[in-house]
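Have a look at the structure below, then the notes.
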Amino acid sequence: MNLLEKLDAAAAARKAQLPTGLSAFGIPIEEIYSPTEAKIGERRILLLGTNNYLGLSFAPECREAAHEAIDKEGTGTTGSRMANGNYSGHRALEMEFAEFYQCRSCIVFTTGYQANLGTISGLIGAGDVALIDGDSHASIYDGCILSGADIIRFRHNDMADLEKRLRRLGERSKNTLIIIEGIYSMLGDQAPLAEIVNLKNAYGSTLLLDEAHSLGVLGETGQGLAEKTKLSSEVDFITGTFSKSLCGIGGYCVSNHPQLDQLRYVSHPYIFTASPSPATIAATRVALRLLRNGSKLREQLWKNAQQLYSHLKMVGYQVGPEPGPVVATILDNPQQALALWNGLLENNIYVNLILPPAAPEGKSLVRCSVNAAHTAEQIEYVCQTFSKLYPSII
Amino acid sequence: MVEINREDILDLLCRRLASFANTEQEITPETNLITQLAIDSIKLLNLIMELEDHFDISIPLNALTDVVTVYDLANLIYRIKSDSK
Ligand SMILES: Cc1ncc(COP(=O)(O)O)c(C=O)c1O
């Protein structure tokens, strides 16, 4: 098979899996009206599948800051942080993140994906070990591959399995980076951080926590799972993204270890890419302020999450293990998941469809993400629609 | 600890992999895991977890890139098991 034939074969396998379902991926959004509504096709659709957890995508303060930055600094930096792309805004945002986490340093990356790639591949290399949760995001897997370290998975959130694997490593556990997420994006469940911290201390390993989905969502000031569990000082490195609750694009790593700064000189995903645009940085700085002071938004977000989660459970849908802004319904096969996804869209609701191998354990997911901007009426409408569709799906 | 040899591992693998083969197919050390057996990436990862439990070892994902046949997998398990003693 030549290169193009291999792609044809992959495309054929995809079509065979779900002949009518291909339109579910990369659905064209014609116009975006607000954090909760968009035009898809000819219809006004309720958005229940975004990562806009605090509903800040149209915050006037952020838009104003972005406009001003474009006028003052132009549309792009045209260069790396290590060359001509290191503006005062980038440095200020790093200081603000470090201050927010009460950490010694912060590095800002161009995307959250690159934050994981750059941090992981900067911290470990050939001969070291990446010990990662089996449900980890692709950016974590890819960062590990780029690093050249040995990649070992432990069963998702299974502490006995993690301990077994640390024990088997023997002395190598001291050259091991354990990687977990605050909230897992597939099922919306949280990592058992206290137990993980105990294990990493007992075995002398290093811990990296990706707060991509928990930033703005967990903790008094929205730092994430480490703040919620009061374990910030026990986590060696925290990564995260601007692309979810902060409604920008970019990523960061914060740490108290002074060695973090060395990553600027070795990490290809940091060096060999252009820095975030001035508008992105300016909007993110303002969004971070809103996020820190966003306890009202968090309250609303969790109220919406609880309401949807308990309703789906009550109706009989199989849902993730605990409530949270990511509310996943778990279906046994792709056909069922597609039918539910289509049913929701016919009722003007957009959610995410996740099929194997992207979904854990060969299951299929119809994943809802609620945000703080959803009104009580919108959530109620979604609940009603899920109830109405249940008999025809399950 | 019981001594372990490649043949025992191969034996166990052939028996375990039978569930991925069709009825008339015989599994030999030369059987190609991907092209001759119906193992997709998820099934393979689950199988690896099961083997890890059985042999009390961790098999790094990156080590699997060189594994094509049943023999390769047995050899990898044997190497990791011997190193861990
Ligand atoms: C857990 C996790 N980490 C990292 C990322 C990457 O973030 P970004 O989209 O900003 O590149 C994502 C985004 O999907 C994610 O879910």
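Each chain of the structure tokens is named A, B, ... in the order shown, its residues numbered from 1; ligands are numbered from 1 in display order.
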
Residues of chain A no more than 9 Å from chain B, counting only C-alpha atoms: send them over as a tab-separated table (two decimals) with N, CA and C atoms, in the first residue's frame.
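After the write, iface.tsv holds the following:
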```tsv
chain	number	residue	atom	x	y	z
A	129	VAL	N	10.88	7.76	32.77
A	129	VAL	CA	9.58	7.10	32.63
A	129	VAL	C	8.45	8.12	32.73
A	145	ILE	N	5.65	10.81	23.74
A	145	ILE	CA	6.32	10.23	22.57
A	145	ILE	C	7.49	11.12	22.15
A	148	GLY	N	10.78	10.70	24.22
A	148	GLY	CA	11.65	9.52	24.10
A	148	GLY	C	11.70	8.67	25.37
A	149	ALA	N	10.95	9.07	26.41
A	149	ALA	CA	10.92	8.30	27.66
A	149	ALA	C	10.07	7.04	27.47
A	150	ASP	N	10.20	6.10	28.41
A	150	ASP	CA	9.31	4.93	28.42
A	150	ASP	C	7.93	5.38	28.88
A	151	ILE	N	6.89	4.97	28.14
A	151	ILE	CA	5.53	5.41	28.46
A	151	ILE	C	4.76	4.24	29.07
A	152	ILE	N	4.35	4.40	30.31
A	152	ILE	CA	3.57	3.36	30.99
A	152	ILE	C	2.24	3.96	31.43
A	153	ARG	N	1.14	3.26	31.08
A	153	ARG	CA	-0.19	3.74	31.47
A	153	ARG	C	-0.65	3.02	32.72
A	154	PHE	N	-1.34	3.75	33.59
A	154	PHE	CA	-2.05	3.05	34.67
A	154	PHE	C	-3.54	3.18	34.41
A	155	ARG	N	-4.31	2.22	34.95
A	155	ARG	CA	-5.76	2.23	34.72
A	155	ARG	C	-6.35	3.52	35.26
A	164	LYS	N	1.11	-0.29	42.00
A	164	LYS	CA	1.75	-1.50	41.48
A	164	LYS	C	2.82	-1.12	40.47
A	165	ARG	N	2.50	-0.16	39.62
A	165	ARG	CA	3.43	0.21	38.57
A	165	ARG	C	4.63	0.99	39.13
A	168	ARG	N	6.89	-1.65	40.64
A	168	ARG	CA	7.64	-2.40	39.64
A	168	ARG	C	8.83	-1.61	39.09
A	169	LEU	N	8.73	-0.29	39.14
A	169	LEU	CA	9.81	0.52	38.57
A	169	LEU	C	11.08	0.49	39.42
A	170	GLY	N	10.95	0.14	40.70
A	170	GLY	CA	12.14	0.11	41.56
A	170	GLY	C	12.77	1.49	41.63
A	356	PRO	N	-15.33	5.21	19.52
A	356	PRO	CA	-14.06	4.49	19.67
A	356	PRO	C	-13.17	4.75	18.44
A	357	PRO	N	-11.88	4.84	18.55
A	357	PRO	CA	-11.09	4.59	19.77
A	357	PRO	C	-10.92	5.81	20.67
A	360	PRO	N	-13.23	6.03	25.96
A	360	PRO	CA	-12.61	4.97	26.76
A	360	PRO	C	-13.35	3.64	26.64
A	361	GLU	N	-12.60	2.54	26.72
A	361	GLU	CA	-13.13	1.19	26.82
A	361	GLU	C	-14.08	0.76	25.71
A	362	GLY	N	-13.88	1.28	24.52
A	362	GLY	CA	-14.70	0.85	23.40
A	362	GLY	C	-16.13	1.36	23.44
```

Using only C-alpha atoms and all ligand atoms, find each residue of chain A with at least one atom at most 9 Å away from an atom of ligand 1; report its shortest atom-to-atom pair and that distance in Å (one decimal), sort the rows by chain and rising residue number, and return the result as a tab-separated table.
```
residue	atom	partner	partner_atom_place_in_ligand_line	distance
A:Asn51	CA	ligand 1	14 (O)	8.6
A:Thr110	CA	ligand 1	11 (O)	8.2
A:Thr111	CA	ligand 1	11 (O)	4.4
A:Gly112	CA	ligand 1	10 (O)	3.4
A:Tyr113	CA	ligand 1	11 (O)	3.6
A:Gln114	CA	ligand 1	11 (O)	6.5
A:Ala115	CA	ligand 1	4 (C)	7.7
A:Asn116	CA	ligand 1	4 (C)	6.6
A:Ser136	CA	ligand 1	1 (C)	6.9
A:His137	CA	ligand 1	1 (C)	5.0
A:Ala138	CA	ligand 1	3 (N)	7.7
A:Ser139	CA	ligand 1	4 (C)	5.8
A:Ile140	CA	ligand 1	3 (N)	7.1
A:Ile180	CA	ligand 1	1 (C)	8.8
A:Glu181	CA	ligand 1	1 (C)	6.2
A:Gly182	CA	ligand 1	1 (C)	8.2
A:Ile183	CA	ligand 1	1 (C)	7.7
A:Tyr184	CA	ligand 1	1 (C)	6.5
A:Ser185	CA	ligand 1	16 (O)	5.6
A:Met186	CA	ligand 1	16 (O)	8.6
A:Asp210	CA	ligand 1	1 (C)	6.1
A:Glu211	CA	ligand 1	1 (C)	7.0
A:Ala212	CA	ligand 1	2 (C)	4.9
A:His213	CA	ligand 1	1 (C)	6.3
A:Thr239	CA	ligand 1	3 (N)	8.1
A:Gly240	CA	ligand 1	4 (C)	6.6
A:Thr241	CA	ligand 1	10 (O)	4.6
A:Phe242	CA	ligand 1	10 (O)	6.0
A:Ser243	CA	ligand 1	10 (O)	4.6
A:Lys244	CA	ligand 1	10 (O)	7.2
A:Gly248	CA	ligand 1	10 (O)	8.3
A:Ile249	CA	ligand 1	10 (O)	5.7
A:Gly250	CA	ligand 1	10 (O)	5.5
A:Gly251	CA	ligand 1	10 (O)	5.9
```

For C-alpha atoms, I'd like the residues from the last selection saved as a short mmCIF file (atom, residue, chain, number, x, y, z; two decimals), in the first residue's frame.
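Saved result, out_20.cif, follows:
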```
data_model
loop_
_atom_site.label_atom_id
_atom_site.label_comp_id
_atom_site.auth_asym_id
_atom_site.auth_seq_id
_atom_site.Cartn_x
_atom_site.Cartn_y
_atom_site.Cartn_z
CA ASN A 51 -15.40 24.35 26.58
CA THR A 110 1.19 29.14 22.03
CA THR A 111 -1.47 26.45 22.64
CA GLY A 112 -2.45 24.14 25.48
CA TYR A 113 -1.38 21.23 23.31
CA GLN A 114 2.09 22.72 23.07
CA ALA A 115 2.16 23.43 26.83
CA ASN A 116 1.93 19.68 27.40
CA SER A 136 -5.01 11.02 29.25
CA HIS A 137 -5.53 13.59 26.50
CA ALA A 138 -3.68 13.13 23.19
CA SER A 139 -1.40 16.08 23.97
CA ILE A 140 -0.05 14.13 26.95
CA ILE A 180 -2.78 13.26 35.50
CA GLU A 181 -5.63 15.66 34.72
CA GLY A 182 -7.75 17.72 37.13
CA ILE A 183 -11.00 16.91 35.32
CA TYR A 184 -10.92 14.25 32.61
CA SER A 185 -12.48 15.48 29.42
CA MET A 186 -14.18 12.24 28.44
CA ASP A 210 -3.02 19.22 33.62
CA GLU A 211 -5.78 21.58 34.77
CA ALA A 212 -7.11 22.17 31.22
CA HIS A 213 -10.74 21.43 32.14
CA THR A 239 -0.16 22.89 32.94
CA GLY A 240 -3.33 24.35 31.48
CA THR A 241 -4.88 26.07 28.54
CA PHE A 242 -6.37 29.46 27.66
CA SER A 243 -8.73 27.82 25.19
CA LYS A 244 -11.45 26.69 27.59
CA GLY A 248 -8.54 32.49 24.20
CA ILE A 249 -5.89 30.27 22.72
CA GLY A 250 -2.58 29.41 24.36
CA GLY A 251 -1.29 27.41 27.30
#
```

*Test item: residues at most 9 Å from Thr28 (chain B), only C-alpha atoms, excluding those fewer than 4 positions along its chain, as a VMD selection string*: chain B and resid 10 14 69 to 71

*DSSP says strand (DSSP E or B) for which residues of region 42-267 of chain A? Put them as a PyMOL selection string?*
chain A and resi 43-47+49+105-109+129-133+150-154+176-181+183+190+206-210+237-241+251-255

*Write down as a PyMOL selection string the residues of region 15-61 of chain B whose backbone DSSP state falls under alpha helix (DSSP H).*
chain B and resi 15-17+41-55

Take the residues just selected and output them with N, CA, C and O atoms as a PDB file, in the first residue's frame.
```pdb
ATOM      1  N   ARG B  15      -2.432 -19.484  23.485  1.00  0.00           N
ATOM      2  CA  ARG B  15      -3.742 -19.872  24.027  1.00  0.00           C
ATOM      3  C   ARG B  15      -4.633 -18.658  24.217  1.00  0.00           C
ATOM      4  O   ARG B  15      -5.793 -18.638  23.841  1.00  0.00           O
ATOM      5  N   ARG B  16      -4.040 -17.604  24.778  1.00  0.00           N
ATOM      6  CA  ARG B  16      -4.825 -16.399  25.065  1.00  0.00           C
ATOM      7  C   ARG B  16      -5.313 -15.726  23.766  1.00  0.00           C
ATOM      8  O   ARG B  16      -6.425 -15.216  23.691  1.00  0.00           O
ATOM      9  N   LEU B  17      -4.464 -15.753  22.739  1.00  0.00           N
ATOM     10  CA  LEU B  17      -4.799 -15.050  21.496  1.00  0.00           C
ATOM     11  C   LEU B  17      -5.822 -15.801  20.653  1.00  0.00           C
ATOM     12  O   LEU B  17      -6.373 -15.248  19.693  1.00  0.00           O
ATOM     13  N   SER B  41      -6.588  -1.349  18.150  1.00  0.00           N
ATOM     14  CA  SER B  41      -5.684  -0.725  19.123  1.00  0.00           C
ATOM     15  C   SER B  41      -6.229  -0.833  20.551  1.00  0.00           C
ATOM     16  O   SER B  41      -5.475  -1.018  21.504  1.00  0.00           O
ATOM     17  N   ILE B  42      -7.552  -0.746  20.705  1.00  0.00           N
ATOM     18  CA  ILE B  42      -8.119  -0.801  22.065  1.00  0.00           C
ATOM     19  C   ILE B  42      -7.984  -2.200  22.641  1.00  0.00           C
ATOM     20  O   ILE B  42      -7.579  -2.394  23.786  1.00  0.00           O
ATOM     21  N   LYS B  43      -8.303  -3.205  21.801  1.00  0.00           N
ATOM     22  CA  LYS B  43      -8.182  -4.590  22.276  1.00  0.00           C
ATOM     23  C   LYS B  43      -6.735  -4.896  22.640  1.00  0.00           C
ATOM     24  O   LYS B  43      -6.466  -5.596  23.611  1.00  0.00           O
ATOM     25  N   LEU B  44      -5.816  -4.370  21.835  1.00  0.00           N
ATOM     26  CA  LEU B  44      -4.405  -4.629  22.108  1.00  0.00           C
ATOM     27  C   LEU B  44      -4.011  -4.023  23.460  1.00  0.00           C
ATOM     28  O   LEU B  44      -3.361  -4.675  24.274  1.00  0.00           O
ATOM     29  N   LEU B  45      -4.452  -2.779  23.711  1.00  0.00           N
ATOM     30  CA  LEU B  45      -4.095  -2.138  24.977  1.00  0.00           C
ATOM     31  C   LEU B  45      -4.693  -2.896  26.159  1.00  0.00           C
ATOM     32  O   LEU B  45      -4.060  -3.043  27.201  1.00  0.00           O
ATOM     33  N   ASN B  46      -5.930  -3.394  26.000  1.00  0.00           N
ATOM     34  CA  ASN B  46      -6.543  -4.173  27.080  1.00  0.00           C
ATOM     35  C   ASN B  46      -5.801  -5.481  27.304  1.00  0.00           C
ATOM     36  O   ASN B  46      -5.576  -5.898  28.441  1.00  0.00           O
ATOM     37  N   LEU B  47      -5.415  -6.111  26.192  1.00  0.00           N
ATOM     38  CA  LEU B  47      -4.660  -7.366  26.294  1.00  0.00           C
ATOM     39  C   LEU B  47      -3.334  -7.118  27.018  1.00  0.00           C
ATOM     40  O   LEU B  47      -2.925  -7.904  27.877  1.00  0.00           O
ATOM     41  N   ILE B  48      -2.683  -6.005  26.679  1.00  0.00           N
ATOM     42  CA  ILE B  48      -1.407  -5.688  27.312  1.00  0.00           C
ATOM     43  C   ILE B  48      -1.589  -5.529  28.830  1.00  0.00           C
ATOM     44  O   ILE B  48      -0.823  -6.063  29.627  1.00  0.00           O
ATOM     45  N   MET B  49      -2.655  -4.822  29.220  1.00  0.00           N
ATOM     46  CA  MET B  49      -2.921  -4.641  30.660  1.00  0.00           C
ATOM     47  C   MET B  49      -3.098  -6.000  31.356  1.00  0.00           C
ATOM     48  O   MET B  49      -2.613  -6.211  32.460  1.00  0.00           O
ATOM     49  N   GLU B  50      -3.819  -6.886  30.673  1.00  0.00           N
ATOM     50  CA  GLU B  50      -4.059  -8.215  31.238  1.00  0.00           C
ATOM     51  C   GLU B  50      -2.731  -8.977  31.398  1.00  0.00           C
ATOM     52  O   GLU B  50      -2.467  -9.594  32.426  1.00  0.00           O
ATOM     53  N   LEU B  51      -1.880  -8.903  30.367  1.00  0.00           N
ATOM     54  CA  LEU B  51      -0.585  -9.589  30.433  1.00  0.00           C
ATOM     55  C   LEU B  51       0.306  -8.972  31.504  1.00  0.00           C
ATOM     56  O   LEU B  51       1.048  -9.677  32.196  1.00  0.00           O
ATOM     57  N   GLU B  52       0.219  -7.652  31.636  1.00  0.00           N
ATOM     58  CA  GLU B  52       1.010  -6.976  32.673  1.00  0.00           C
ATOM     59  C   GLU B  52       0.627  -7.514  34.050  1.00  0.00           C
ATOM     60  O   GLU B  52       1.492  -7.779  34.891  1.00  0.00           O
ATOM     61  N   ASP B  53      -0.681  -7.661  34.277  1.00  0.00           N
ATOM     62  CA  ASP B  53      -1.138  -8.203  35.565  1.00  0.00           C
ATOM     63  C   ASP B  53      -0.629  -9.624  35.750  1.00  0.00           C
ATOM     64  O   ASP B  53      -0.126  -9.991  36.811  1.00  0.00           O
ATOM     65  N   HIS B  54      -0.764 -10.426  34.703  1.00  0.00           N
ATOM     66  CA  HIS B  54      -0.385 -11.829  34.796  1.00  0.00           C
ATOM     67  C   HIS B  54       1.094 -11.999  35.140  1.00  0.00           C
ATOM     68  O   HIS B  54       1.463 -12.799  35.989  1.00  0.00           O
ATOM     69  N   PHE B  55       1.935 -11.236  34.462  1.00  0.00           N
ATOM     70  CA  PHE B  55       3.379 -11.399  34.661  1.00  0.00           C
ATOM     71  C   PHE B  55       3.962 -10.430  35.689  1.00  0.00           C
ATOM     72  O   PHE B  55       5.161 -10.442  35.939  1.00  0.00           O
TER      73      PHE B  55
END
```

Contacts of Ala38 (chain B) within 9 Å, only C-alpha atoms, excl. fewer than 2 positions in-chain, as a short mmCIF file (atom, residue, chain, number, x, y, z; two decimals) with all heavy atoms, in the first residue's frame:
```
data_model
loop_
_atom_site.label_atom_id
_atom_site.label_comp_id
_atom_site.auth_asym_id
_atom_site.auth_seq_id
_atom_site.Cartn_x
_atom_site.Cartn_y
_atom_site.Cartn_z
N PHE B 20 -8.99 -14.19 19.55
CA PHE B 20 -8.99 -13.17 18.50
C PHE B 20 -8.92 -13.78 17.10
O PHE B 20 -8.95 -13.08 16.10
CB PHE B 20 -7.81 -12.21 18.66
CG PHE B 20 -7.85 -11.42 19.93
CD1 PHE B 20 -7.05 -11.77 21.01
CD2 PHE B 20 -8.70 -10.33 20.05
CE1 PHE B 20 -7.10 -11.04 22.19
CE2 PHE B 20 -8.75 -9.59 21.23
CZ PHE B 20 -7.95 -9.96 22.30
N ALA B 21 -8.80 -15.11 17.04
CA ALA B 21 -8.63 -15.77 15.74
C ALA B 21 -9.95 -16.40 15.30
O ALA B 21 -10.83 -16.63 16.12
CB ALA B 21 -7.56 -16.84 15.86
N ASN B 22 -10.10 -16.66 13.99
CA ASN B 22 -11.27 -17.44 13.60
C ASN B 22 -10.98 -18.92 13.82
O ASN B 22 -9.84 -19.32 14.03
CB ASN B 22 -11.69 -17.12 12.15
CG ASN B 22 -10.52 -17.22 11.20
OD1 ASN B 22 -9.73 -18.15 11.32
ND2 ASN B 22 -10.39 -16.28 10.29
N LEU B 33 0.24 -10.09 14.66
CA LEU B 33 -0.83 -9.68 15.59
C LEU B 33 -1.85 -8.77 14.93
O LEU B 33 -3.04 -8.84 15.20
CB LEU B 33 -0.23 -8.95 16.80
CG LEU B 33 0.61 -9.80 17.76
CD1 LEU B 33 1.35 -8.92 18.73
CD2 LEU B 33 -0.30 -10.76 18.50
N ILE B 34 -1.38 -7.90 14.08
CA ILE B 34 -2.28 -6.88 13.53
C ILE B 34 -2.97 -7.36 12.25
O ILE B 34 -4.19 -7.25 12.11
CB ILE B 34 -1.51 -5.56 13.25
CG1 ILE B 34 -0.73 -5.12 14.50
CG2 ILE B 34 -2.46 -4.46 12.79
CD1 ILE B 34 -1.58 -4.87 15.74
N THR B 35 -2.19 -7.93 11.32
CA THR B 35 -2.80 -8.27 10.03
C THR B 35 -3.50 -9.62 10.05
O THR B 35 -4.42 -9.84 9.28
CB THR B 35 -1.75 -8.27 8.90
OG1 THR B 35 -0.74 -9.22 9.24
CG2 THR B 35 -1.12 -6.91 8.73
N GLN B 36 -3.06 -10.55 10.92
CA GLN B 36 -3.67 -11.88 10.89
C GLN B 36 -4.71 -12.10 11.97
O GLN B 36 -5.52 -13.01 11.89
CB GLN B 36 -2.58 -12.96 10.99
CG GLN B 36 -1.74 -13.04 9.71
CD GLN B 36 -0.68 -14.09 9.84
OE1 GLN B 36 0.41 -13.84 10.34
NE2 GLN B 36 -1.00 -15.30 9.42
N ASP B 40 -7.77 -4.70 17.33
CA ASP B 40 -7.61 -3.26 17.08
C ASP B 40 -6.82 -2.66 18.24
O ASP B 40 -6.45 -3.34 19.19
CB ASP B 40 -8.97 -2.58 16.88
CG ASP B 40 -9.87 -2.72 18.09
OD1 ASP B 40 -9.34 -2.86 19.22
OD2 ASP B 40 -11.10 -2.71 17.92
N LYS B 43 -8.30 -3.20 21.80
CA LYS B 43 -8.18 -4.59 22.28
C LYS B 43 -6.74 -4.90 22.64
O LYS B 43 -6.47 -5.60 23.61
CB LYS B 43 -8.66 -5.56 21.19
CG LYS B 43 -10.17 -5.61 21.05
CD LYS B 43 -10.57 -6.71 20.09
CE LYS B 43 -12.03 -6.58 19.69
NZ LYS B 43 -12.24 -6.97 18.28
#
```

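Candidate residues B:Asn5, B:Thr65, B:Gln25, B:Ser19 were compared for distance to Tyr78 (chain B), and the nearest is B:Asn5, using only C-alpha atoms.
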
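Counting from CA of Asn371 (chain A), the distance to CA of Pro391 (chain A) is 27.2 Å.
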
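The gap separating CA of Ser205 (chain A) from CA of Arg172 (chain A) is 8.9 Å, in Å to one decimal.
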
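The spacing separating CA of Leu73 (chain B) from CA of Ser121 (chain A) amounts to 27.3 Å.
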
*asked:* Applying 12 Å and only C-alpha atoms, which residues near Glu299 (chain A) remain after dropping the ones on its own chain fewer than 3 positions away? List them as a ChimeraX atom specification.
replied: /A:53-54,216-222,293-296,302-306,324-325,371-373
